[in-house]
$ cat query-v2.cif   # mmCIF, C-alpha atoms and all ligand atoms
data_my_file
#
loop_
_atom_site.group_PDB
_atom_site.id
_atom_site.type_symbol
_atom_site.label_atom_id
_atom_site.label_comp_id
_atom_site.auth_asym_id
_atom_site.auth_seq_id
_atom_site.Cartn_x
_atom_site.Cartn_y
_atom_site.Cartn_z
ATOM 1 C CA MET R 20 6.826 -18.715 -7.355
ATOM 2 C CA SER R 21 3.707 -17.241 -8.941
ATOM 3 C CA THR R 22 3.944 -13.694 -10.178
ATOM 4 C CA THR R 23 1.402 -10.928 -10.420
ATOM 5 C CA THR R 24 -0.562 -10.533 -13.629
ATOM 6 C CA GLY R 25 -0.692 -6.751 -13.206
ATOM 7 C CA GLY R 26 1.779 -4.632 -15.073
ATOM 8 C CA ALA R 27 4.359 -2.188 -13.895
ATOM 9 C CA LEU R 28 3.322 1.083 -12.298
ATOM 10 C CA TYR R 29 4.827 3.863 -14.360
ATOM 11 C CA LEU R 30 4.866 7.544 -13.420
ATOM 12 C CA ASP R 31 6.595 9.862 -15.850
ATOM 13 C CA GLY R 32 6.982 13.614 -15.475
ATOM 14 C CA VAL R 33 4.071 13.860 -13.031
ATOM 15 C CA SER R 34 3.367 17.295 -11.592
ATOM 16 C CA VAL R 35 0.579 18.397 -9.264
ATOM 17 C CA VAL R 36 0.037 22.070 -8.653
ATOM 18 C CA PHE R 37 -2.237 23.246 -5.810
ATOM 19 C CA ASP R 38 -2.894 27.004 -6.027
ATOM 20 C CA GLY R 39 0.511 27.619 -7.587
ATOM 21 C CA PHE R 40 2.322 25.251 -5.161
ATOM 22 C CA ARG R 41 4.038 22.224 -6.754
ATOM 23 C CA ALA R 42 3.280 19.234 -4.508
ATOM 24 C CA LEU R 43 4.751 16.931 -7.184
ATOM 25 C CA ASN R 44 7.386 18.316 -9.503
ATOM 26 C CA ASN R 45 8.141 16.234 -12.603
ATOM 27 C CA LEU R 46 8.098 12.975 -10.621
ATOM 28 C CA SER R 47 9.178 9.834 -12.479
ATOM 29 C CA LEU R 48 9.099 6.386 -10.918
ATOM 30 C CA ILE R 49 8.674 2.752 -11.992
ATOM 31 C CA ILE R 50 7.479 -0.037 -9.682
ATOM 32 C CA GLU R 51 7.964 -3.472 -11.255
ATOM 33 C CA PRO R 52 5.286 -6.179 -11.004
ATOM 34 C CA GLY R 53 5.693 -7.978 -7.684
ATOM 35 C CA GLU R 54 8.109 -5.400 -6.338
ATOM 36 C CA LEU R 55 8.152 -4.211 -2.717
ATOM 37 C CA ARG R 56 9.145 -0.527 -2.592
ATOM 38 C CA ALA R 57 9.552 1.832 0.351
ATOM 39 C CA ILE R 58 8.946 5.558 -0.091
ATOM 40 C CA ILE R 59 10.476 7.908 2.459
ATOM 41 C CA GLY R 60 11.057 11.637 2.648
ATOM 42 C CA PRO R 61 10.544 14.721 4.799
ATOM 43 C CA ASN R 62 7.105 16.108 5.672
ATOM 44 C CA GLY R 63 5.524 17.758 2.661
ATOM 45 C CA ALA R 64 7.731 15.817 0.186
ATOM 46 C CA GLY R 65 4.679 14.690 -1.780
ATOM 47 C CA LYS R 66 4.368 11.078 -0.594
ATOM 48 C CA THR R 67 0.625 11.263 0.116
ATOM 49 C CA THR R 68 0.007 13.245 -3.059
ATOM 50 C CA MET R 69 1.790 10.510 -5.036
ATOM 51 C CA MET R 70 -0.523 7.862 -3.513
ATOM 52 C CA ASP R 71 -3.525 10.115 -4.267
ATOM 53 C CA ILE R 72 -2.447 10.343 -7.922
ATOM 54 C CA ILE R 73 -2.174 6.557 -8.246
ATOM 55 C CA THR R 74 -5.629 5.947 -6.736
ATOM 56 C CA GLY R 75 -7.283 8.715 -8.753
ATOM 57 C CA LYS R 76 -8.141 10.876 -5.727
ATOM 58 C CA THR R 77 -6.049 13.695 -7.183
ATOM 59 C CA ARG R 78 -5.521 14.436 -10.882
ATOM 60 C CA PRO R 79 -2.043 15.346 -12.111
ATOM 61 C CA THR R 80 -1.563 18.757 -13.662
ATOM 62 C CA ALA R 81 0.902 17.134 -16.098
ATOM 63 C CA GLY R 82 2.509 13.770 -16.726
ATOM 64 C CA THR R 83 1.773 10.106 -17.409
ATOM 65 C CA VAL R 84 0.502 7.504 -14.916
ATOM 66 C CA LEU R 85 0.203 3.957 -16.275
ATOM 67 C CA PHE R 86 -0.575 0.644 -14.590
ATOM 68 C CA GLY R 87 0.324 -1.958 -17.184
ATOM 69 C CA GLN R 88 -1.298 -0.616 -20.356
ATOM 70 C CA ARG R 89 -3.988 1.350 -18.486
ATOM 71 C CA ASP R 90 -3.829 5.135 -18.262
ATOM 72 C CA LEU R 91 -4.855 5.855 -14.652
ATOM 73 C CA THR R 92 -5.344 9.564 -15.312
ATOM 74 C CA ARG R 93 -8.429 8.678 -17.401
ATOM 75 C CA LEU R 94 -10.092 6.537 -14.728
ATOM 76 C CA ASP R 95 -12.037 7.479 -11.602
ATOM 77 C CA GLU R 96 -11.278 6.089 -8.124
ATOM 78 C CA ALA R 97 -13.772 3.219 -8.392
ATOM 79 C CA ALA R 98 -12.440 2.099 -11.782
ATOM 80 C CA ILE R 99 -8.868 2.211 -10.465
ATOM 81 C CA ALA R 100 -9.861 0.113 -7.425
ATOM 82 C CA ASN R 101 -11.517 -2.360 -9.816
ATOM 83 C CA LEU R 102 -8.253 -2.645 -11.744
ATOM 84 C CA GLY R 103 -6.797 -4.153 -8.569
ATOM 85 C CA ILE R 104 -5.183 -1.182 -6.859
ATOM 86 C CA GLY R 105 -5.881 -1.267 -3.110
ATOM 87 C CA ARG R 106 -4.905 1.283 -0.488
ATOM 88 C CA LYS R 107 -4.484 0.915 3.216
ATOM 89 C CA PHE R 108 -4.732 4.142 5.147
ATOM 90 C CA GLN R 109 -2.996 4.642 8.477
ATOM 91 C CA LYS R 110 -6.171 4.269 10.529
ATOM 92 C CA PRO R 111 -7.614 0.761 10.280
ATOM 93 C CA THR R 112 -11.289 0.481 9.361
ATOM 94 C CA VAL R 113 -12.117 -3.004 10.604
ATOM 95 C CA PHE R 114 -15.556 -3.843 11.993
ATOM 96 C CA ASP R 115 -15.200 -4.131 15.787
ATOM 97 C CA ALA R 116 -18.407 -6.077 16.349
ATOM 98 C CA LEU R 117 -17.441 -8.785 13.854
ATOM 99 C CA THR R 118 -14.951 -11.597 14.332
ATOM 100 C CA VAL R 119 -11.657 -11.735 12.471
ATOM 101 C CA PHE R 120 -13.145 -14.372 10.154
ATOM 102 C CA GLU R 121 -16.306 -12.326 9.535
ATOM 103 C CA ASN R 122 -14.273 -9.228 8.680
ATOM 104 C CA LEU R 123 -12.405 -11.199 6.010
ATOM 105 C CA GLU R 124 -15.639 -12.765 4.789
ATOM 106 C CA LEU R 125 -17.169 -9.326 4.389
ATOM 107 C CA ALA R 126 -14.175 -8.160 2.356
ATOM 108 C CA LEU R 127 -14.515 -11.047 -0.065
ATOM 109 C CA LYS R 128 -16.111 -10.185 -3.368
ATOM 110 C CA ALA R 129 -18.146 -13.397 -3.543
ATOM 111 C CA PRO R 130 -19.854 -13.822 -6.888
ATOM 112 C CA ARG R 131 -23.572 -14.475 -6.583
ATOM 113 C CA ASP R 132 -24.981 -17.466 -8.376
ATOM 114 C CA PRO R 133 -28.458 -19.047 -8.399
ATOM 115 C CA TRP R 134 -27.150 -22.631 -8.589
ATOM 116 C CA SER R 135 -27.009 -24.030 -5.075
ATOM 117 C CA CYS R 136 -24.379 -26.709 -5.760
ATOM 118 C CA LEU R 137 -22.196 -24.086 -7.362
ATOM 119 C CA ARG R 138 -22.853 -21.809 -4.386
ATOM 120 C CA TRP R 139 -21.655 -24.567 -2.053
ATOM 121 C CA ARG R 140 -18.475 -24.920 -4.070
ATOM 122 C CA LEU R 141 -17.924 -21.171 -4.035
ATOM 123 C CA GLY R 142 -18.489 -21.254 -0.282
ATOM 124 C CA ALA R 143 -15.772 -23.846 0.123
ATOM 125 C CA GLU R 144 -13.467 -21.832 -2.076
ATOM 126 C CA ALA R 145 -14.237 -18.684 -0.075
ATOM 127 C CA ARG R 146 -13.435 -20.517 3.158
ATOM 128 C CA ARG R 147 -10.155 -21.763 1.704
ATOM 129 C CA ARG R 148 -9.195 -18.221 0.692
ATOM 130 C CA ILE R 149 -10.103 -16.793 4.095
ATOM 131 C CA GLU R 150 -8.037 -19.482 5.831
ATOM 132 C CA ALA R 151 -5.076 -18.848 3.521
ATOM 133 C CA THR R 152 -5.301 -15.120 4.293
ATOM 134 C CA LEU R 153 -5.558 -15.791 8.055
ATOM 135 C CA ALA R 154 -2.316 -17.762 7.835
ATOM 136 C CA GLU R 155 -0.697 -15.087 5.676
ATOM 137 C CA ILE R 156 -1.470 -12.252 8.124
ATOM 138 C CA GLY R 157 -0.641 -14.394 11.183
ATOM 139 C CA LEU R 158 -4.112 -14.307 12.772
ATOM 140 C CA ALA R 159 -5.088 -17.980 12.388
ATOM 141 C CA GLU R 160 -5.262 -18.311 16.185
ATOM 142 C CA ARG R 161 -7.653 -15.345 16.469
ATOM 143 C CA THR R 162 -10.248 -16.432 13.896
ATOM 144 C CA ARG R 163 -13.233 -16.403 16.268
ATOM 145 C CA ASP R 164 -12.209 -13.316 18.271
ATOM 146 C CA ARG R 165 -14.041 -10.064 17.742
ATOM 147 C CA ALA R 166 -11.905 -7.378 16.094
ATOM 148 C CA ALA R 167 -12.572 -5.101 19.095
ATOM 149 C CA ILE R 168 -10.247 -7.134 21.329
ATOM 150 C CA LEU R 169 -7.302 -7.238 18.918
ATOM 151 C CA SER R 170 -4.151 -5.224 19.584
ATOM 152 C CA HIS R 171 -3.382 -2.176 17.437
ATOM 153 C CA GLY R 172 -0.923 -4.225 15.350
ATOM 154 C CA GLN R 173 -3.349 -7.102 14.871
ATOM 155 C CA ARG R 174 -6.031 -4.688 13.660
ATOM 156 C CA GLN R 175 -3.602 -3.342 11.058
ATOM 157 C CA TRP R 176 -2.829 -6.883 9.871
ATOM 158 C CA LEU R 177 -6.542 -7.682 9.703
ATOM 159 C CA GLU R 178 -7.101 -4.674 7.485
ATOM 160 C CA ILE R 179 -4.225 -5.749 5.244
ATOM 161 C CA GLY R 180 -5.937 -9.161 5.120
ATOM 162 C CA MET R 181 -9.234 -7.509 4.115
ATOM 163 C CA LEU R 182 -7.449 -5.799 1.236
ATOM 164 C CA LEU R 183 -5.806 -9.101 0.241
ATOM 165 C CA MET R 184 -9.252 -10.732 -0.009
ATOM 166 C CA GLN R 185 -9.899 -8.412 -2.943
ATOM 167 C CA GLU R 186 -6.808 -9.865 -4.663
ATOM 168 C CA PRO R 187 -5.084 -6.577 -5.463
ATOM 169 C CA GLU R 188 -2.325 -6.412 -8.058
ATOM 170 C CA LEU R 189 -0.895 -3.348 -6.348
ATOM 171 C CA LEU R 190 -1.218 -2.500 -2.676
ATOM 172 C CA LEU R 191 -0.431 0.987 -1.356
ATOM 173 C CA VAL R 192 0.268 1.076 2.359
ATOM 174 C CA ASP R 193 0.406 4.319 4.320
ATOM 175 C CA GLU R 194 2.591 4.411 7.479
ATOM 176 C CA PRO R 195 1.680 0.884 8.637
ATOM 177 C CA VAL R 196 3.839 0.731 11.773
ATOM 178 C CA ALA R 197 2.962 4.056 13.440
ATOM 179 C CA GLY R 198 2.048 3.241 17.054
ATOM 180 C CA MET R 199 3.182 -0.393 16.870
ATOM 181 C CA THR R 200 5.438 -2.184 19.350
ATOM 182 C CA ASP R 201 8.878 -3.315 18.116
ATOM 183 C CA GLN R 202 7.621 -6.875 17.851
ATOM 184 C CA GLU R 203 4.559 -5.816 15.861
ATOM 185 C CA THR R 204 6.774 -3.695 13.592
ATOM 186 C CA GLU R 205 8.974 -6.710 12.898
ATOM 187 C CA HIS R 206 5.940 -8.885 12.157
ATOM 188 C CA THR R 207 4.612 -6.219 9.760
ATOM 189 C CA ALA R 208 7.910 -6.117 7.836
ATOM 190 C CA GLY R 209 7.774 -9.911 7.447
ATOM 191 C CA LEU R 210 4.139 -9.752 6.373
ATOM 192 C CA LEU R 211 4.749 -7.129 3.689
ATOM 193 C CA ARG R 212 7.809 -9.007 2.420
ATOM 194 C CA ARG R 213 5.688 -12.158 2.140
ATOM 195 C CA ILE R 214 2.759 -10.567 0.331
ATOM 196 C CA ALA R 215 4.937 -8.787 -2.254
ATOM 197 C CA GLY R 216 5.958 -11.022 -5.143
ATOM 198 C CA ARG R 217 2.417 -12.058 -5.930
ATOM 199 C CA ARG R 218 1.455 -8.385 -6.067
ATOM 200 C CA SER R 219 3.385 -5.097 -5.977
ATOM 201 C CA VAL R 220 3.478 -3.326 -2.617
ATOM 202 C CA VAL R 221 4.354 0.352 -2.115
ATOM 203 C CA VAL R 222 4.904 1.410 1.501
ATOM 204 C CA VAL R 223 5.173 5.009 2.712
ATOM 205 C CA GLU R 224 6.892 5.083 6.094
ATOM 206 C CA HIS R 225 9.035 7.306 8.317
ATOM 207 C CA ASP R 226 10.443 4.515 10.531
ATOM 208 C CA LEU R 227 13.834 3.756 8.971
ATOM 209 C CA GLU R 228 14.491 0.632 11.061
ATOM 210 C CA PHE R 229 11.274 -0.780 9.646
ATOM 211 C CA VAL R 230 12.270 0.277 6.122
ATOM 212 C CA ARG R 231 15.594 -1.529 6.634
ATOM 213 C CA ALA R 232 13.709 -4.652 7.729
ATOM 214 C CA LEU R 233 11.679 -4.545 4.486
ATOM 215 C CA GLY R 234 14.940 -5.160 2.613
ATOM 216 C CA SER R 235 13.532 -3.464 -0.471
ATOM 217 C CA LYS R 236 14.595 -0.706 -2.826
ATOM 218 C CA VAL R 237 13.963 2.702 -1.254
ATOM 219 C CA THR R 238 12.875 5.905 -3.005
ATOM 220 C CA VAL R 239 13.493 9.207 -1.243
ATOM 221 C CA LEU R 240 11.100 11.965 -2.256
ATOM 222 C CA CYS R 241 11.831 15.616 -1.643
ATOM 223 C CA GLU R 242 9.981 18.660 -2.932
ATOM 224 C CA GLY R 243 7.811 16.475 -5.137
ATOM 225 C CA ALA R 244 10.579 14.621 -6.987
ATOM 226 C CA VAL R 245 12.956 11.677 -6.517
ATOM 227 C CA LEU R 246 15.998 12.794 -4.536
ATOM 228 C CA SER R 247 17.655 9.399 -4.282
ATOM 229 C CA GLU R 248 16.888 5.750 -4.966
ATOM 230 C CA GLY R 249 18.562 2.446 -4.082
ATOM 231 C CA SER R 250 19.195 0.205 -1.097
ATOM 232 C CA ILE R 251 18.633 1.577 2.401
ATOM 233 C CA ASP R 252 22.428 1.740 2.852
ATOM 234 C CA HIS R 253 22.786 3.672 -0.393
ATOM 235 C CA VAL R 254 20.176 6.300 0.487
ATOM 236 C CA GLN R 255 21.274 6.612 4.121
ATOM 237 C CA ASN R 256 24.807 7.412 2.935
ATOM 238 C CA ASP R 257 23.715 9.756 0.141
ATOM 239 C CA ARG R 258 24.911 13.270 1.045
ATOM 240 C CA LYS R 259 21.808 14.883 -0.531
ATOM 241 C CA VAL R 260 19.530 12.724 1.645
ATOM 242 C CA ILE R 261 21.525 13.450 4.793
ATOM 243 C CA ASP R 262 21.369 17.182 4.091
ATOM 244 C CA VAL R 263 17.626 17.492 3.518
ATOM 245 C CA TYR R 264 16.179 14.638 5.570
ATOM 246 C CA LEU R 265 18.290 12.405 7.772
ATOM 247 C CA GLY R 266 20.697 14.987 9.108
ATOM 248 C CA ARG R 267 17.998 17.238 10.514
HETATM 249 N N1 LIG Z 301 -5.286 19.713 -1.367
HETATM 250 C C1 LIG Z 301 -4.198 20.438 -1.196
HETATM 251 N N2 LIG Z 301 -4.202 21.785 -1.360
HETATM 252 C C2 LIG Z 301 -3.096 22.517 -1.192
HETATM 253 N N3 LIG Z 301 -1.891 22.016 -0.841
HETATM 254 C C3 LIG Z 301 -1.813 20.690 -0.644
HETATM 255 C C4 LIG Z 301 -2.951 19.829 -0.801
HETATM 256 N N4 LIG Z 301 -2.539 18.555 -0.538
HETATM 257 C C5 LIG Z 301 -1.227 18.614 -0.228
HETATM 258 N N5 LIG Z 301 -0.790 19.897 -0.286
HETATM 259 C C6 LIG Z 301 0.578 20.351 -0.044
HETATM 260 O O1 LIG Z 301 1.424 19.584 -0.886
HETATM 261 C C7 LIG Z 301 2.657 19.278 -0.221
HETATM 262 C C8 LIG Z 301 2.891 17.790 -0.255
HETATM 263 O O2 LIG Z 301 2.002 17.174 0.677
HETATM 264 P P1 LIG Z 301 1.945 15.616 0.955
HETATM 265 O O3 LIG Z 301 0.873 15.411 1.961
HETATM 266 O O4 LIG Z 301 1.852 14.875 -0.326
HETATM 267 O O5 LIG Z 301 3.374 15.349 1.614
HETATM 268 P P2 LIG Z 301 3.882 14.084 2.434
HETATM 269 O O6 LIG Z 301 5.217 13.734 1.886
HETATM 270 O O7 LIG Z 301 2.843 13.012 2.401
HETATM 271 O O8 LIG Z 301 4.026 14.654 3.898
HETATM 272 P P3 LIG Z 301 3.831 13.936 5.338
HETATM 273 O O9 LIG Z 301 5.053 13.089 5.545
HETATM 274 O O10 LIG Z 301 3.783 15.093 6.277
HETATM 275 O O11 LIG Z 301 2.553 13.155 5.285
HETATM 276 C C9 LIG Z 301 2.549 19.835 1.191
HETATM 277 O O12 LIG Z 301 3.231 21.074 1.250
HETATM 278 C C10 LIG Z 301 1.048 20.044 1.370
HETATM 279 O O13 LIG Z 301 0.790 21.130 2.244
#
$ encode --input "query-v2.cif" --output "structure tokens"
Amino acid sequence: MSTTTGGALYLDGVSVVFDGFRALNNLSLIIEPGELRAIIGPNGAGKTTMMDIITGKTRPTAGTVLFGQRDLTRLDEAAIANLGIGRKFQKPTVFDALTVFENLELALKAPRDPWSCLRWRLGAEARRRIEATLAEIGLAERTRDRAAILSHGQRQWLEIGMLLMQEPELLLVDEPVAGMTDQETEHTAGLLRRIAGRRSVVVVEHDLEFVRALGSKVTVLCEGAVLSEGSIDHVQNDRKVIDVYLGR
């Protein structure tokens, strides 16, 4: 199995203060290269703020954020994206008028080159990558269909595919299964399990059945810090987690 070339994601003592309110409070977390990790927690726990810190949208008030050897707190959002950190927001942003294939083609960062024979070879390589991604996201049968006629779940998978075309080392995924059917939810868990390994994947989600299907380590955030961490069975049986989150 090939492994990611990106390093670990390392957050140490990260705090974010908005007008005196601590959205993150001394948060420490390590995501290993190739790891799939689920992040859960009550509303306002700091899950979105944590994603915003990693992508450079929000700056920490204190603490260290490293991706491999790179200090993310010194980079802007574009530089962090260029390092290979991709983010999928809840609402998909696929192009309705384009086909599934064209959406993936558009997402591909094709290098421009004046040599036509080389361009042909790059074209073949691009096609191979698009086809591999179509198979990976399970949309090989829908290649020529316009995105507009896809189901909600299929649109989410297409957007994940568009992010994969950029070959991220770390993919952040925000509530991917909201609004999906049970079957689509199951497919999404399989998809995320498959795409981790070659890159790290961090998933924020409220649906605990889905989190169970991911089969990954789970981190429970509460009041801006890690409340519990371990297997889904471990965190679901943790008294602290039941008291502040699951028992409510
Ligand atoms: N820009 C901001 N200014 C002030 N407060 C903010 C800002 N962004 C987030 N907060 C506050 O920080 C806290 C953490 O919010 P965050 O969105 O990270 O939580 P969350 O775990 O993602 O919640 P949810 O599950 O509801 O999406 C919340 O109390 C929120 O109101």
$ closest_atom_pairs --input "query-v2.cif" --of "chain R" --to "ligand LIG 301 (chain Z)" --cutoff "10 Å" --atoms "only C-alpha atoms and all ligand atoms" --output "JSON lines"
{"residue": "R:Val35", "atom": "CA", "partner": "Z:LIG301", "partner_atom": "O1", "distance": 8.5}
{"residue": "R:Val36", "atom": "CA", "partner": "Z:LIG301", "partner_atom": "N3", "distance": 8.0}
{"residue": "R:Phe37", "atom": "CA", "partner": "Z:LIG301", "partner_atom": "C2", "distance": 4.8}
{"residue": "R:Asp38", "atom": "CA", "partner": "Z:LIG301", "partner_atom": "C2", "distance": 6.6}
{"residue": "R:Gly39", "atom": "CA", "partner": "Z:LIG301", "partner_atom": "C2", "distance": 8.9}
{"residue": "R:Phe40", "atom": "CA", "partner": "Z:LIG301", "partner_atom": "N3", "distance": 6.8}
{"residue": "R:Arg41", "atom": "CA", "partner": "Z:LIG301", "partner_atom": "O1", "distance": 6.9}
{"residue": "R:Ala42", "atom": "CA", "partner": "Z:LIG301", "partner_atom": "O1", "distance": 4.1}
{"residue": "R:Leu43", "atom": "CA", "partner": "Z:LIG301", "partner_atom": "C8", "distance": 7.2}
{"residue": "R:Ile58", "atom": "CA", "partner": "Z:LIG301", "partner_atom": "O6", "distance": 9.2}
{"residue": "R:Ile59", "atom": "CA", "partner": "Z:LIG301", "partner_atom": "O6", "distance": 7.9}
{"residue": "R:Gly60", "atom": "CA", "partner": "Z:LIG301", "partner_atom": "O6", "distance": 6.3}
{"residue": "R:Pro61", "atom": "CA", "partner": "Z:LIG301", "partner_atom": "O9", "distance": 5.8}
{"residue": "R:Asn62", "atom": "CA", "partner": "Z:LIG301", "partner_atom": "O10", "distance": 3.5}
{"residue": "R:Gly63", "atom": "CA", "partner": "Z:LIG301", "partner_atom": "O5", "distance": 3.4}
{"residue": "R:Ala64", "atom": "CA", "partner": "Z:LIG301", "partner_atom": "O6", "distance": 3.7}
{"residue": "R:Gly65", "atom": "CA", "partner": "Z:LIG301", "partner_atom": "O4", "distance": 3.2}
{"residue": "R:Lys66", "atom": "CA", "partner": "Z:LIG301", "partner_atom": "O6", "distance": 3.7}
{"residue": "R:Thr67", "atom": "CA", "partner": "Z:LIG301", "partner_atom": "O7", "distance": 3.6}
{"residue": "R:Thr68", "atom": "CA", "partner": "Z:LIG301", "partner_atom": "O4", "distance": 3.7}
{"residue": "R:Met69", "atom": "CA", "partner": "Z:LIG301", "partner_atom": "O4", "distance": 6.4}
{"residue": "R:Met70", "atom": "CA", "partner": "Z:LIG301", "partner_atom": "O4", "distance": 8.1}
{"residue": "R:Asp71", "atom": "CA", "partner": "Z:LIG301", "partner_atom": "O4", "distance": 8.2}
{"residue": "R:Ile72", "atom": "CA", "partner": "Z:LIG301", "partner_atom": "O4", "distance": 9.8}
{"residue": "R:Thr77", "atom": "CA", "partner": "Z:LIG301", "partner_atom": "N1", "distance": 8.4}
{"residue": "R:Asp193", "atom": "CA", "partner": "Z:LIG301", "partner_atom": "O11", "distance": 9.1}
{"residue": "R:Glu194", "atom": "CA", "partner": "Z:LIG301", "partner_atom": "O11", "distance": 9.0}
{"residue": "R:Val223", "atom": "CA", "partner": "Z:LIG301", "partner_atom": "O7", "distance": 8.3}
{"residue": "R:Glu224", "atom": "CA", "partner": "Z:LIG301", "partner_atom": "O9", "distance": 8.2}
{"residue": "R:His225", "atom": "CA", "partner": "Z:LIG301", "partner_atom": "O9", "distance": 7.5}
{"residue": "R:Val239", "atom": "CA", "partner": "Z:LIG301", "partner_atom": "O6", "distance": 9.9}
{"residue": "R:Leu240", "atom": "CA", "partner": "Z:LIG301", "partner_atom": "O6", "distance": 7.4}
{"residue": "R:Cys241", "atom": "CA", "partner": "Z:LIG301", "partner_atom": "O6", "distance": 7.7}
{"residue": "R:Glu242", "atom": "CA", "partner": "Z:LIG301", "partner_atom": "C8", "distance": 7.6}
{"residue": "R:Gly243", "atom": "CA", "partner": "Z:LIG301", "partner_atom": "C8", "distance": 7.1}
$ resolve_selection --input "query-v2.cif" --expression "the PyMOL selection byres (((chain R and resi 27-32) around 8) and not hetatm)" --output "ChimeraX atom specification"
/R:25-26,33-34,44-52,81-87
$ residues_around --input "query-v2.cif" --residues "Phe229 in chain R" --least-positions-apart "6" --cutoff "12 Å" --atoms "all atoms listed in the file" --output "list in words"
Ala57, Ile58, Ile59, Glu194, Pro195, Val196, Ala197, Met199, Thr200, Asp201, Gln202, Glu203, Thr204, Glu205, His206, Thr207, Ala208, Gly209, Leu210, Leu211, Arg212, Val222, Val223, Ser235, Val237 and Ile251 of chain R
$ resolve_selection --input "query-v2.cif" --expression "the PyMOL selection byres (((chain R and resi 176) around 9) and not hetatm)" --output "list in words"
Ile156, Gly157, Leu158, His171, Gly172, Gln173, Arg174, Gln175, Leu177, Glu178, Ile179, Gly180, Met181, Thr207 and Leu210 of chain R
$ residues_near_point --input "query-v2.cif" --point "(20.0, -0.8, -0.2)" --cutoff "9 Å" --atoms "only C-alpha atoms" --output "list in words"
Arg231, Gly234, Ser235, Lys236, Val237, Glu248, Gly249, Ser250, Ile251, Asp252, His253, Val254 and Gln255 of chain R
$ closest_residue --input "query-v2.cif" --among "R:Gly198, R:Thr118, R:Thr92, R:Leu189" --to "Arg163 in chain R" --atoms "all atoms listed in the file"
R:Thr118
$ atom_distance --input "query-v2.cif" --atom1 "CA of Ala145 in chain R" --atom2 "CA of Phe108 in chain R"
25.3 Å
$ atom_distance --input "query-v2.cif" --atom1 "CA of Leu127 in chain R" --atom2 "CA of Leu183 in chain R"
8.9 Å
$ closest_residue --input "query-v2.cif" --among "R:Thr238, R:Thr162, R:Ser170, R:Thr152" --to "Ala126 in chain R" --atoms "all atoms listed in the file"
R:Thr152
$ atom_distance --input "query-v2.cif" --atom1 "CA of Leu55 in chain R" --atom2 "CA of Glu121 in chain R"
28.5 Å
$ closest_residue --input "query-v2.cif" --among "R:Met184, R:Val113, R:Ile104, R:Val119" --to "Val220 in chain R" --atoms "all atoms listed in the file"
R:Ile104
$ axis_aligned_box --input "query-v2.cif" --around "range 257-267 of chain R" --padding-each-side "4 Å" --output "AutoDock Vina command-line options"
--center_x 20.5 --center_y 13.6 --center_z 5.0 --size_x 16.7 --size_y 15.7 --size_z 19.0
$ closest_residue --input "query-v2.cif" --among "R:Asp115, R:Glu144, R:Glu186, R:Asp226" --to "Asn101 in chain R" --atoms "all atoms listed in the file"
R:Glu186
$ closest_residue --input "query-v2.cif" --among "R:Ala215, R:Leu91, R:Val221, R:Leu233" --to "Gly53 in chain R" --atoms "only C-alpha atoms"
R:Ala215
